[in-house]
>>> print(open('coords24.pdb').read())   # PDB, C-alpha atoms
ATOM      1  CA  MET P 145     162.397  71.236 103.991
ATOM      2  CA  TRP P 146     160.235  68.287 104.392
ATOM      3  CA  GLN P 147     158.106  68.660 101.287
ATOM      4  CA  PHE P 148     156.173  65.530 100.407
ATOM      5  CA  ILE P 149     152.829  65.199  98.644
ATOM      6  CA  ARG P 150     150.264  62.525  99.340
ATOM      7  CA  SER P 151     148.014  63.094  96.358
ATOM      8  CA  ARG P 152     145.871  60.100  97.224
ATOM      9  CA  LEU P 153     144.611  61.864 100.311
ATOM     10  CA  PHE P 154     144.310  65.461  99.302
ATOM     11  CA  SER P 155     143.694  65.733  95.556
ATOM     12  CA  VAL P 156     140.630  63.823  94.395
ATOM     13  CA  ILE P 157     138.102  63.876  91.647
ATOM     14  CA  ILE P 158     134.472  63.526  92.586
ATOM     15  CA  CYS P 159     131.960  62.245  90.035
ATOM     16  CA  ILE P 160     128.402  62.353  91.314
ATOM     17  CA  GLY P 161     125.421  60.893  89.550
ATOM     18  CA  ALA P 162     122.899  62.560  91.814
ATOM     19  CA  ALA P 163     119.866  61.172  90.021
ATOM     20  CA  HIS P 164     121.276  57.643  90.174
ATOM     21  CA  GLY P 165     122.639  57.643  93.698
ATOM     22  CA  VAL P 166     126.229  56.722  92.793
ATOM     23  CA  LEU P 167     129.373  58.454  94.042
ATOM     24  CA  VAL P 168     132.843  57.747  92.612
ATOM     25  CA  VAL P 169     135.930  59.087  94.357
ATOM     26  CA  GLY P 170     139.549  58.684  93.247
ATOM     27  CA  PRO P 171     142.863  60.515  92.849
ATOM     28  CA  LYS P 172     143.170  63.324  90.373
ATOM     29  CA  TYR P 173     146.771  62.337  89.696
ATOM     30  CA  ILE P 174     148.182  59.203  88.111
ATOM     31  CA  ARG P 175     151.817  58.339  88.694
ATOM     32  CA  THR P 176     154.315  55.902  87.317
ATOM     33  CA  ASN P 177     154.941  52.841  89.491
ATOM     34  CA  GLN P 178     151.982  53.580  91.786
ATOM     35  CA  GLU P 179     148.694  51.765  92.111
ATOM     36  CA  TYR P 180     145.467  53.612  91.476
ATOM     37  CA  THR P 181     142.480  53.230  93.839
ATOM     38  CA  LEU P 182     138.820  54.081  93.328
ATOM     39  CA  VAL P 183     135.942  54.029  95.810
ATOM     40  CA  ILE P 184     132.403  53.623  94.471
ATOM     41  CA  SER P 185     129.444  54.220  96.796
ATOM     42  CA  ASN P 186     125.842  53.206  96.110
ATOM     43  CA  PHE P 187     123.171  55.106  97.996
ATOM     44  CA  ASN P 188     120.410  54.420  95.446
ATOM     45  CA  SER P 189     117.249  53.647  97.387
ATOM     46  CA  ASN P 190     115.461  52.044  94.441
ATOM     47  CA  GLN P 191     117.957  49.337  93.442
ATOM     48  CA  THR P 192     119.539  46.665  95.617
ATOM     49  CA  LYS P 193     122.680  46.838  93.470
ATOM     50  CA  VAL P 194     124.103  48.671  90.462
ATOM     51  CA  ASP P 195     126.333  47.164  87.771
ATOM     52  CA  LEU P 196     129.153  49.327  86.446
ATOM     53  CA  ILE P 197     132.082  49.021  84.073
ATOM     54  CA  VAL P 198     135.224  50.971  84.984
ATOM     55  CA  LYS P 199     137.746  51.922  82.311
ATOM     56  CA  LEU P 200     141.151  53.529  82.891
ATOM     57  CA  GLU P 201     142.742  54.484  79.585
ATOM     58  CA  GLY P 202     145.871  56.312  78.521
ATOM     59  CA  GLU P 203     147.742  57.149  75.352
ATOM     60  CA  THR P 204     150.832  59.132  74.446
ATOM     61  CA  ASP P 205     150.714  62.376  72.487
ATOM     62  CA  ASN P 206     151.291  60.456  69.237
ATOM     63  CA  GLY P 207     148.331  58.145  69.868
ATOM     64  CA  LEU P 208     150.126  55.072  71.238
ATOM     65  CA  SER P 209     148.021  53.230  73.824
ATOM     66  CA  VAL P 210     149.944  52.760  77.077
ATOM     67  CA  LEU P 211     147.124  51.852  79.474
ATOM     68  CA  ASN P 212     143.855  50.009  78.978
ATOM     69  CA  PHE P 213     142.264  48.729  82.160
ATOM     70  CA  THR P 214     138.679  47.470  82.271
ATOM     71  CA  LYS P 215     136.776  45.995  85.200
ATOM     72  CA  THR P 216     133.122  45.166  85.787
ATOM     73  CA  VAL P 217     131.847  45.660  89.312
ATOM     74  CA  ASP P 218     128.552  45.481  91.168
ATOM     75  CA  VAL P 219     127.915  47.688  94.169
ATOM     76  CA  ARG P 220     125.150  46.768  96.582
ATOM     77  CA  ARG P 221     122.898  49.374  98.137
ATOM     78  CA  ASN P 222     124.392  51.456 100.985
ATOM     79  CA  THR P 223     127.822  49.903 100.543
ATOM     80  CA  ASN P 224     131.215  50.948  99.182
ATOM     81  CA  ARG P 225     133.289  49.080  96.629
ATOM     82  CA  ILE P 226     137.066  49.606  96.498
ATOM     83  CA  ILE P 227     138.885  48.990  93.218
ATOM     84  CA  ASN P 228     142.674  48.674  93.366
ATOM     85  CA  ILE P 229     144.558  48.875  90.084
ATOM     86  CA  ASN P 230     147.900  47.361  91.048
ATOM     87  CA  VAL P 231     151.297  47.771  89.410
ATOM     88  CA  GLY P 232     152.973  45.066  87.388
ATOM     89  CA  SER P 233     150.165  42.472  87.326
ATOM     90  CA  GLU P 234     148.348  41.294  84.226
ATOM     91  CA  ASN P 235     145.697  43.733  82.898
ATOM     92  CA  THR P 236     146.756  46.353  85.446
ATOM     93  CA  MET P 237     149.023  49.384  85.765
ATOM     94  CA  PRO P 238     152.373  49.088  83.906
ATOM     95  CA  GLU P 239     155.533  49.637  85.958
ATOM     96  CA  ASP P 240     156.857  52.408  83.698
ATOM     97  CA  LEU P 241     153.945  54.649  82.847
ATOM     98  CA  ALA P 242     154.728  56.955  79.912
ATOM     99  CA  LYS P 243     153.815  60.610  79.699
ATOM    100  CA  GLY P 244     150.475  61.042  77.992
ATOM    101  CA  ASN P 245     146.771  61.708  78.293
ATOM    102  CA  TYR P 246     144.793  59.652  80.799
ATOM    103  CA  LYS P 247     141.122  59.452  81.678
ATOM    104  CA  ILE P 248     138.777  57.316  83.729
ATOM    105  CA  THR P 249     135.277  56.367  82.573
ATOM    106  CA  ILE P 250     132.437  54.734  84.522
ATOM    107  CA  ASP P 251     129.368  53.424  82.656
ATOM    108  CA  GLY P 252     126.247  51.654  83.868
ATOM    109  CA  GLN P 253     125.480  48.051  82.864
ATOM    110  CA  GLN P 254     122.501  45.673  82.941
ATOM    111  CA  GLY P 255     120.031  48.437  82.162
ATOM    112  CA  PHE P 256     121.422  50.879  84.730
ATOM    113  CA  SER P 257     121.854  54.297  83.076
ATOM    114  CA  PHE P 258     125.028  55.993  84.297
ATOM    115  CA  HIS P 259     128.001  57.711  82.647
ATOM    116  CA  GLN P 260     130.818  59.761  84.152
ATOM    117  CA  GLU P 261     134.374  60.460  83.006
ATOM    118  CA  ALA P 262     137.262  62.622  84.186
ATOM    119  CA  GLU P 263     140.693  63.571  82.877
ATOM    120  CA  LEU P 264     143.647  62.550  85.031
ATOM    121  CA  VAL P 265     146.886  64.475  85.501
ATOM    122  CA  TYR P 266     150.065  62.504  84.796
ATOM    123  CA  LEU P 267     152.979  62.971  87.233
ATOM    124  CA  SER P 268     156.268  61.378  86.296
ATOM    125  CA  LYS P 269     157.929  61.862  89.677
ATOM    126  CA  SER P 270     157.041  58.953  91.940
ATOM    127  CA  ILE P 271     159.690  59.519  94.613
ATOM    128  CA  SER P 272     160.694  62.432  96.818
ATOM    129  CA  GLY P 273     163.985  63.236  98.490
ATOM    130  CA  LEU P 274     165.301  65.021 101.552
ATOM    131  CA  ILE P 275     168.836  65.986 102.581
ATOM    132  CA  GLN P 276     169.728  66.524 106.238
ATOM    133  CA  VAL P 277     172.988  68.268 107.247
ATOM    134  CA  ASP P 278     174.249  68.336 110.835
ATOM    135  CA  LYS P 279     174.597  72.142 110.767
ATOM    136  CA  PRO P 280     174.138  74.969 108.243
ATOM    137  CA  VAL P 281     177.556  76.656 108.556
ATOM    138  CA  PHE P 282     181.011  75.060 108.544
ATOM    139  CA  ASN P 283     184.566  76.301 109.005
ATOM    140  CA  PRO P 284     187.690  75.214 107.131
ATOM    141  CA  GLY P 285     188.794  71.801 108.358
ATOM    142  CA  ASN P 286     185.316  70.815 109.614
ATOM    143  CA  THR P 287     183.580  67.590 108.621
ATOM    144  CA  VAL P 288     180.203  67.803 106.883
ATOM    145  CA  ASN P 289     177.926  64.953 107.948
ATOM    146  CA  PHE P 290     174.806  64.534 105.830
ATOM    147  CA  ARG P 291     171.980  62.103 105.203
ATOM    148  CA  VAL P 292     169.939  61.505 102.038
ATOM    149  CA  ILE P 293     166.404  60.136 102.507
ATOM    150  CA  VAL P 294     164.436  58.818  99.525
ATOM    151  CA  LEU P 295     160.720  58.007  99.847
ATOM    152  CA  ASP P 296     157.909  57.027  97.534
ATOM    153  CA  THR P 297     154.492  58.640  97.453
ATOM    154  CA  GLU P 298     153.435  56.474 100.406
ATOM    155  CA  LEU P 299     156.372  57.897 102.428
ATOM    156  CA  LYS P 300     158.052  54.463 102.337
ATOM    157  CA  PRO P 301     161.494  53.458 100.981
ATOM    158  CA  PRO P 302     161.046  52.997  97.216
ATOM    159  CA  ALA P 303     161.293  49.367  96.127
ATOM    160  CA  ARG P 304     162.801  50.107  92.714
ATOM    161  CA  VAL P 305     165.439  52.677  93.716
ATOM    162  CA  LYS P 306     168.472  50.926  95.199
ATOM    163  CA  SER P 307     171.079  53.690  94.857
ATOM    164  CA  VAL P 308     171.460  57.388  94.083
ATOM    165  CA  HIS P 309     174.128  59.635  92.593
ATOM    166  CA  VAL P 310     175.409  62.211  95.108
ATOM    167  CA  THR P 311     177.648  65.165  94.269
ATOM    168  CA  ILE P 312     179.099  67.918  96.472
ATOM    169  CA  GLU P 313     180.098  71.127  94.671
ATOM    170  CA  ASP P 314     181.912  74.259  95.828
ATOM    171  CA  PRO P 315     180.669  77.816  95.060
ATOM    172  CA  GLN P 316     182.300  77.661  91.597
ATOM    173  CA  ARG P 317     180.428  74.424  90.770
ATOM    174  CA  ASN P 318     183.601  72.380  90.992
ATOM    175  CA  VAL P 319     182.893  68.786  91.995
ATOM    176  CA  ILE P 320     184.691  68.227  95.302
ATOM    177  CA  ARG P 321     183.397  64.707  95.901
ATOM    178  CA  LYS P 322     180.866  62.347  94.374
ATOM    179  CA  TRP P 323     179.279  58.980  95.047
ATOM    180  CA  SER P 324     178.267  57.451  91.703
ATOM    181  CA  THR P 325     176.283  54.603  93.246
ATOM    182  CA  ALA P 326     175.449  55.584  96.802
ATOM    183  CA  LYS P 327     173.594  52.539  98.110
ATOM    184  CA  LEU P 328     170.355  53.127  99.990
ATOM    185  CA  TYR P 329     169.635  51.235 103.192
ATOM    186  CA  ALA P 330     165.906  51.424 103.962
ATOM    187  CA  GLY P 331     165.829  54.490 101.713
ATOM    188  CA  VAL P 332     168.720  56.236 103.500
ATOM    189  CA  PHE P 333     172.311  57.039 102.515
ATOM    190  CA  GLU P 334     174.729  58.628 104.975
ATOM    191  CA  GLY P 335     177.954  60.335 103.940
ATOM    192  CA  ASP P 336     180.540  62.862 105.066
ATOM    193  CA  LEU P 337     183.051  65.291 103.622
ATOM    194  CA  GLN P 338     186.212  66.630 105.236
ATOM    195  CA  ILE P 339     186.563  70.290 104.251
ATOM    196  CA  ALA P 340     190.102  71.306 103.339
ATOM    197  CA  PRO P 341     192.032  73.718 105.619
ATOM    198  CA  THR P 342     191.987  76.365 102.850
ATOM    199  CA  PRO P 343     188.748  75.770 100.926
ATOM    200  CA  MET P 344     186.771  78.075  98.680
ATOM    201  CA  LEU P 345     184.499  80.073 100.943
ATOM    202  CA  GLY P 346     180.825  80.559 100.178
ATOM    203  CA  ILE P 347     177.714  78.486  99.481
ATOM    204  CA  TRP P 348     178.316  74.797  98.726
ATOM    205  CA  ASN P 349     175.734  72.430  97.268
ATOM    206  CA  ILE P 350     174.789  68.778  97.752
ATOM    207  CA  LEU P 351     173.007  67.369  94.692
ATOM    208  CA  VAL P 352     171.179  64.027  94.531
ATOM    209  CA  GLN P 353     170.195  62.458  91.210
ATOM    210  CA  VAL P 354     168.245  59.348  90.277
ATOM    211  CA  GLU P 355     168.684  57.931  86.789
ATOM    212  CA  GLY P 356     170.245  61.178  85.617
ATOM    213  CA  GLU P 357     167.450  63.426  86.871
ATOM    214  CA  GLU P 358     167.777  65.778  89.847
ATOM    215  CA  LEU P 359     165.823  64.553  92.861
ATOM    216  CA  VAL P 360     166.786  67.051  95.566
ATOM    217  CA  SER P 361     169.552  69.480  96.516
ATOM    218  CA  LYS P 362     170.623  71.362  99.626
ATOM    219  CA  THR P 363     173.147  74.109 100.325
ATOM    220  CA  PHE P 364     175.447  74.829 103.241
ATOM    221  CA  GLU P 365     177.932  77.632 103.913
ATOM    222  CA  VAL P 366     181.679  77.467 104.441
ATOM    223  CA  LYS P 367     183.250  80.559 106.023
ATOM    224  CA  GLU P 368     186.221  81.550 108.132
ATOM    225  CA  TYR P 369     185.974  81.241 111.889
ATOM    226  CA  VAL P 370     185.482  84.684 113.427
ATOM    227  CA  LEU P 371     186.362  85.147 117.067
ATOM    228  CA  SER P 372     183.477  86.360 119.154
ATOM    229  CA  THR P 373     184.283  89.488 121.110
ATOM    230  CA  PHE P 374     183.807  89.501 124.858
ATOM    231  CA  ASP P 375     184.117  91.895 127.784
ATOM    232  CA  VAL P 376     186.075  91.450 131.018
ATOM    233  CA  GLN P 377     185.176  93.487 134.087
ATOM    234  CA  VAL P 378     187.129  93.605 137.380
ATOM    235  CA  MET P 379     185.504  95.178 140.458
ATOM    236  CA  PRO P 380     185.939  95.026 144.252
ATOM    237  CA  SER P 381     183.707  92.437 145.891
ATOM    238  CA  VAL P 382     183.609  94.653 149.025
ATOM    239  CA  ILE P 383     184.975  98.105 149.841
ATOM    240  CA  PRO P 384     188.666  97.493 150.713
ATOM    241  CA  LEU P 385     189.591  98.620 154.249
ATOM    242  CA  GLU P 386     192.913  98.498 156.095
ATOM    243  CA  GLU P 387     191.457  96.087 158.644
ATOM    244  CA  HIS P 388     190.754  93.555 155.897
ATOM    245  CA  GLN P 389     194.419  93.339 154.948
ATOM    246  CA  ALA P 390     193.285  92.113 151.534
ATOM    247  CA  VAL P 391     191.707  93.096 148.251
ATOM    248  CA  ASN P 392     188.714  90.967 147.225
ATOM    249  CA  LEU P 393     187.921  91.140 143.543
ATOM    250  CA  THR P 394     185.152  89.816 141.290
ATOM    251  CA  ILE P 395     186.140  88.995 137.701
ATOM    252  CA  GLU P 396     183.393  88.718 135.066
ATOM    253  CA  ALA P 397     183.889  87.583 131.464
ATOM    254  CA  TYR P 398     180.936  87.403 129.044
ATOM    255  CA  TYR P 399     180.458  87.405 125.290
ATOM    256  CA  HIS P 400     178.388  90.218 123.833
ATOM    257  CA  PHE P 401     175.493  87.770 123.411
ATOM    258  CA  CYS P 402     175.602  87.173 127.212
ATOM    259  CA  LYS P 403     177.106  83.691 127.134
ATOM    260  CA  PRO P 404     179.838  83.181 129.779
ATOM    261  CA  VAL P 405     183.445  82.973 128.625
ATOM    262  CA  GLN P 406     185.709  80.212 129.866
ATOM    263  CA  GLY P 407     189.386  80.954 130.306
ATOM    264  CA  VAL P 408     192.295  81.731 132.648
ATOM    265  CA  ALA P 409     192.756  85.016 134.533
ATOM    266  CA  LYS P 410     196.208  86.126 135.680
ATOM    267  CA  VAL P 411     195.961  88.664 138.534
ATOM    268  CA  GLU P 412     198.909  90.797 139.661
ATOM    269  CA  LEU P 413     198.935  93.145 142.679
ATOM    270  CA  TYR P 414     201.230  96.202 142.793
ATOM    271  CA  LEU P 415     201.714  98.272 145.976
ATOM    272  CA  ASP P 416     204.371 100.929 146.614
ATOM    273  CA  ASP P 417     206.391 102.249 143.699
ATOM    274  CA  ASP P 418     204.659  99.922 141.259
ATOM    275  CA  LYS P 419     206.448  96.939 142.716
ATOM    276  CA  LEU P 420     204.873  93.536 142.168
ATOM    277  CA  ASN P 421     203.612  92.294 145.506
ATOM    278  CA  GLN P 422     201.962  89.045 144.468
ATOM    279  CA  LYS P 423     200.197  87.297 141.592
ATOM    280  CA  LYS P 424     197.593  84.581 141.190
ATOM    281  CA  GLU P 425     196.198  82.516 138.355
ATOM    282  CA  LEU P 426     192.678  81.117 138.345
ATOM    283  CA  THR P 427     190.144  79.500 136.021
ATOM    284  CA  VAL P 428     187.087  81.605 135.205
ATOM    285  CA  TYR P 429     183.783  80.540 133.662
ATOM    286  CA  GLY P 430     181.709  83.678 133.403
ATOM    287  CA  MET P 431     182.432  84.939 136.935
ATOM    288  CA  GLU P 432     184.940  84.168 139.689
ATOM    289  CA  GLN P 433     186.182  85.807 142.889
ATOM    290  CA  VAL P 434     189.761  86.096 144.087
ATOM    291  CA  GLU P 435     191.341  87.351 147.328
ATOM    292  CA  LEU P 436     194.771  89.036 147.395
ATOM    293  CA  ARG P 437     195.976  89.234 151.006
ATOM    294  CA  PHE P 438     198.500  91.809 152.281
ATOM    295  CA  ASP P 439     201.402  91.163 154.568
ATOM    296  CA  ASN P 440     201.123  93.734 157.408
ATOM    297  CA  PHE P 441     200.132  96.506 155.032
ATOM    298  CA  ALA P 442     199.869  99.950 156.721
ATOM    299  CA  LEU P 443     198.431 103.104 155.213
ATOM    300  CA  ASP P 444     200.634 106.195 154.991
ATOM    301  CA  ALA P 445     197.535 108.430 154.933
ATOM    302  CA  ASP P 446     193.761 108.200 155.114
ATOM    303  CA  GLN P 447     193.778 106.288 151.848
ATOM    304  CA  GLN P 448     196.241 104.790 149.428
ATOM    305  CA  ASP P 449     196.029 103.530 145.885
ATOM    306  CA  VAL P 450     197.047 100.034 144.870
ATOM    307  CA  GLN P 451     197.176  98.686 141.349
ATOM    308  CA  VAL P 452     195.720  95.403 140.122
ATOM    309  CA  LYS P 453     196.520  94.098 136.644
ATOM    310  CA  VAL P 454     194.283  91.342 135.209
ATOM    311  CA  THR P 455     195.120  89.426 132.027
ATOM    312  CA  PHE P 456     192.367  87.129 130.712
ATOM    313  CA  ILE P 457     193.027  84.416 128.118
ATOM    314  CA  GLU P 458     190.050  82.684 126.475
ATOM    315  CA  GLN P 459     190.288  78.900 126.587
ATOM    316  CA  TYR P 460     189.885  78.287 122.836
ATOM    317  CA  THR P 461     192.186  81.040 121.617
TER     318      THR P 461
END
>>> encode(input="coords24.pdb", output="structure tokens")
Amino acid sequence: MWQFIRSRLFSVIICIGAAHGVLVVGPKYIRTNQEYTLVISNFNSNQTKVDLIVKLEGETDNGLSVLNFTKTVDVRRNTNRIININVGSENTMPEDLAKGNYKITIDGQQGFSFHQEAELVYLSKSISGLIQVDKPVFNPGNTVNFRVIVLDTELKPPARVKSVHVTIEDPQRNVIRKWSTAKLYAGVFEGDLQIAPTPMLGIWNILVQVEGEELVSKTFEVKEYVLSTFDVQVMPSVIPLEEHQAVNLTIEAYYHFCKPVQGVAKVELYLDDDKLNQKKELTVYGMEQVELRFDNFALDADQQDVQVKVTFIEQYT
């Protein structure tokens, strides 16, 4: 879900004047409200320095000029020269760069013969967004806790974006709650939503907009709570003999996915004629042992059946 692009690092144009020993490297993309940086290297062994003029130009589809940057630089032999075209300063990058056609041109000066140019790709989106939710599935009555994170192309809180518009919709696209001006603190907004006891079940959506345009969205599911089934097993801990004058039992309670169940077991012992002899109640977490002692119990034959009834109640139900 974390999908951010650092075009300055990964997408570059490379203009090489091999015969002249000059290398120019810069981003392929140009964005609104973001500075543009070029690196010019001079590895020409015949000249101590080269003089260049750098032009960054742009115009809209109808021919209106929206960017015209020009800078003269000299690059000494075996050195690099960094050119930063900042935002908002005089003769630099405008804050609101319009959609259009952009190109960069580098020409030699002072008798140095060099010419390279490249088309740039305009990207209007200068910020990225992320939504974090504390869990993917909720039940009726739960509280949805979420966080909206807004970052610029440098993965920093954007200086110009102070608030966002946040909307939470149910599966039928009904707006359940909205924040028209959710204020960002260091690029982060935190919110919550209390789901109704009888909500519309299905996939809900959190939508974040900036200046009327969608920035990011994320879904979560609301569904009824379904009880997990579990098994209870009761078995003798040891073979019961008359000399023990007791029945020792082991009670095990586990969900089908092997997690132990916590609850209360009620144990009843029946001897002759199905008469209740004694009963006990104990707390069980996965497995527990219990001893039911007799009171001078004597066998009428070589063996005799006794009955044990166990009722288990899960803690949360």
>>> closest_residue(input="coords24.pdb", among="P:Gln406, P:Thr342, P:Thr311, P:Asn283", to="P:Glu368", atoms="only C-alpha atoms")
P:Asn283
>>> residues_around(input="coords24.pdb", residues="P:Gly165", least_positions_apart="4", cutoff="10 Å", atoms="all atoms listed in the file", output="PyMOL selection string")
chain P and resi 160-161+185-191+194+221-222+258
>>> write_last_selection(input="coords24.pdb", atoms="C-alpha atoms", output="compact mmCIF listing (two decimals), in the coordinates of the input")
# COMPACT_ATOMS: atom_id res chain seq x y z
CA ILE P 160 128.40 62.35 91.31
CA GLY P 161 125.42 60.89 89.55
CA SER P 185 129.44 54.22 96.80
CA ASN P 186 125.84 53.21 96.11
CA PHE P 187 123.17 55.11 98.00
CA ASN P 188 120.41 54.42 95.45
CA SER P 189 117.25 53.65 97.39
CA ASN P 190 115.46 52.04 94.44
CA GLN P 191 117.96 49.34 93.44
CA VAL P 194 124.10 48.67 90.46
CA ARG P 221 122.90 49.37 98.14
CA ASN P 222 124.39 51.46 100.98
CA PHE P 258 125.03 55.99 84.30
>>> axis_aligned_box(input="coords24.pdb", around="stretch 168-183 of chain P", padding_each_side="3 Å", output="lines of an AutoDock Vina configuration file")
center_x = 143.9
center_y = 57.5
center_z = 91.6
size_x = 28.1
size_y = 17.6
size_z = 14.5
>>> resolve_selection(input="coords24.pdb", expression="the PyMOL selection byres ((chain P and resi 429-438) around 6)", output="list in words")
Gln389, Ala390, Val391, Asn392, Leu393, Thr394, Ile395, Glu396, Ala397, Tyr398, Pro404, Val405, Gln406, Val428, Asp439 and Phe441 of chain P
>>> resolve_selection(input="coords24.pdb", expression="the PyMOL selection byres ((chain P and resi 280) around 7)", output="PDB file with C-alpha atoms, in the coordinates of the input")
ATOM      1  CA  VAL P 277     172.988  68.268 107.247  1.00  0.00           C
ATOM      2  CA  LYS P 279     174.597  72.142 110.767  1.00  0.00           C
ATOM      3  CA  VAL P 281     177.556  76.656 108.556  1.00  0.00           C
ATOM      4  CA  PHE P 282     181.011  75.060 108.544  1.00  0.00           C
ATOM      5  CA  PHE P 364     175.447  74.829 103.241  1.00  0.00           C
ATOM      6  CA  GLU P 365     177.932  77.632 103.913  1.00  0.00           C
TER       7      GLU P 365
END
>>> closest_residue(input="coords24.pdb", among="P:Tyr180, P:Tyr369, P:Phe456, P:Phe401", to="P:Glu425", atoms="all atoms listed in the file")
P:Phe456
>>> resolve_selection(input="coords24.pdb", expression="the PyMOL selection byres ((chain P and resi 204) around 9)", output="ChimeraX atom specification")
/P:202-203,205-210,242-246
>>> residues_around(input="coords24.pdb", residues="P:Asp251", least_positions_apart="6", cutoff="12 Å", atoms="only C-alpha atoms", output="PyMOL selection string")
chain P and resi 159+161+164+166+168+194-200+214-218+257-261
>>> closest_residue(input="coords24.pdb", among="P:Leu182, P:Ile339, P:Leu371, P:Ile293", to="P:Thr249", atoms="only C-alpha atoms")
P:Leu182
>>> residues_around(input="coords24.pdb", residues="P:His400", least_positions_apart="3", cutoff="8 Å", atoms="only C-alpha atoms", output="compact mmCIF listing (two decimals) with C-alpha atoms, in the coordinates of the input")
# COMPACT_ATOMS: atom_id res chain seq x y z
CA SER P 372 183.48 86.36 119.15
CA THR P 373 184.28 89.49 121.11
CA PHE P 374 183.81 89.50 124.86
CA ASP P 375 184.12 91.90 127.78
CA LYS P 403 177.11 83.69 127.13
>>> residues_around(input="coords24.pdb", residues="stretch 348-363 of chain P", least_positions_apart="6", cutoff="10 Å", atoms="all atoms listed in the file", output="NGL selection string")
:P and (145 or 269 or 271-277 or 280-281 or 290 or 292-294 or 305-326)
>>> atom_distance(input="coords24.pdb", atom1="atom CA of P:Ile250", atom2="atom CA of P:Ser268")
24.8 Å
>>> atom_distance(input="coords24.pdb", atom1="atom CA of P:Asn177", atom2="atom CA of P:Arg291")
25.0 Å
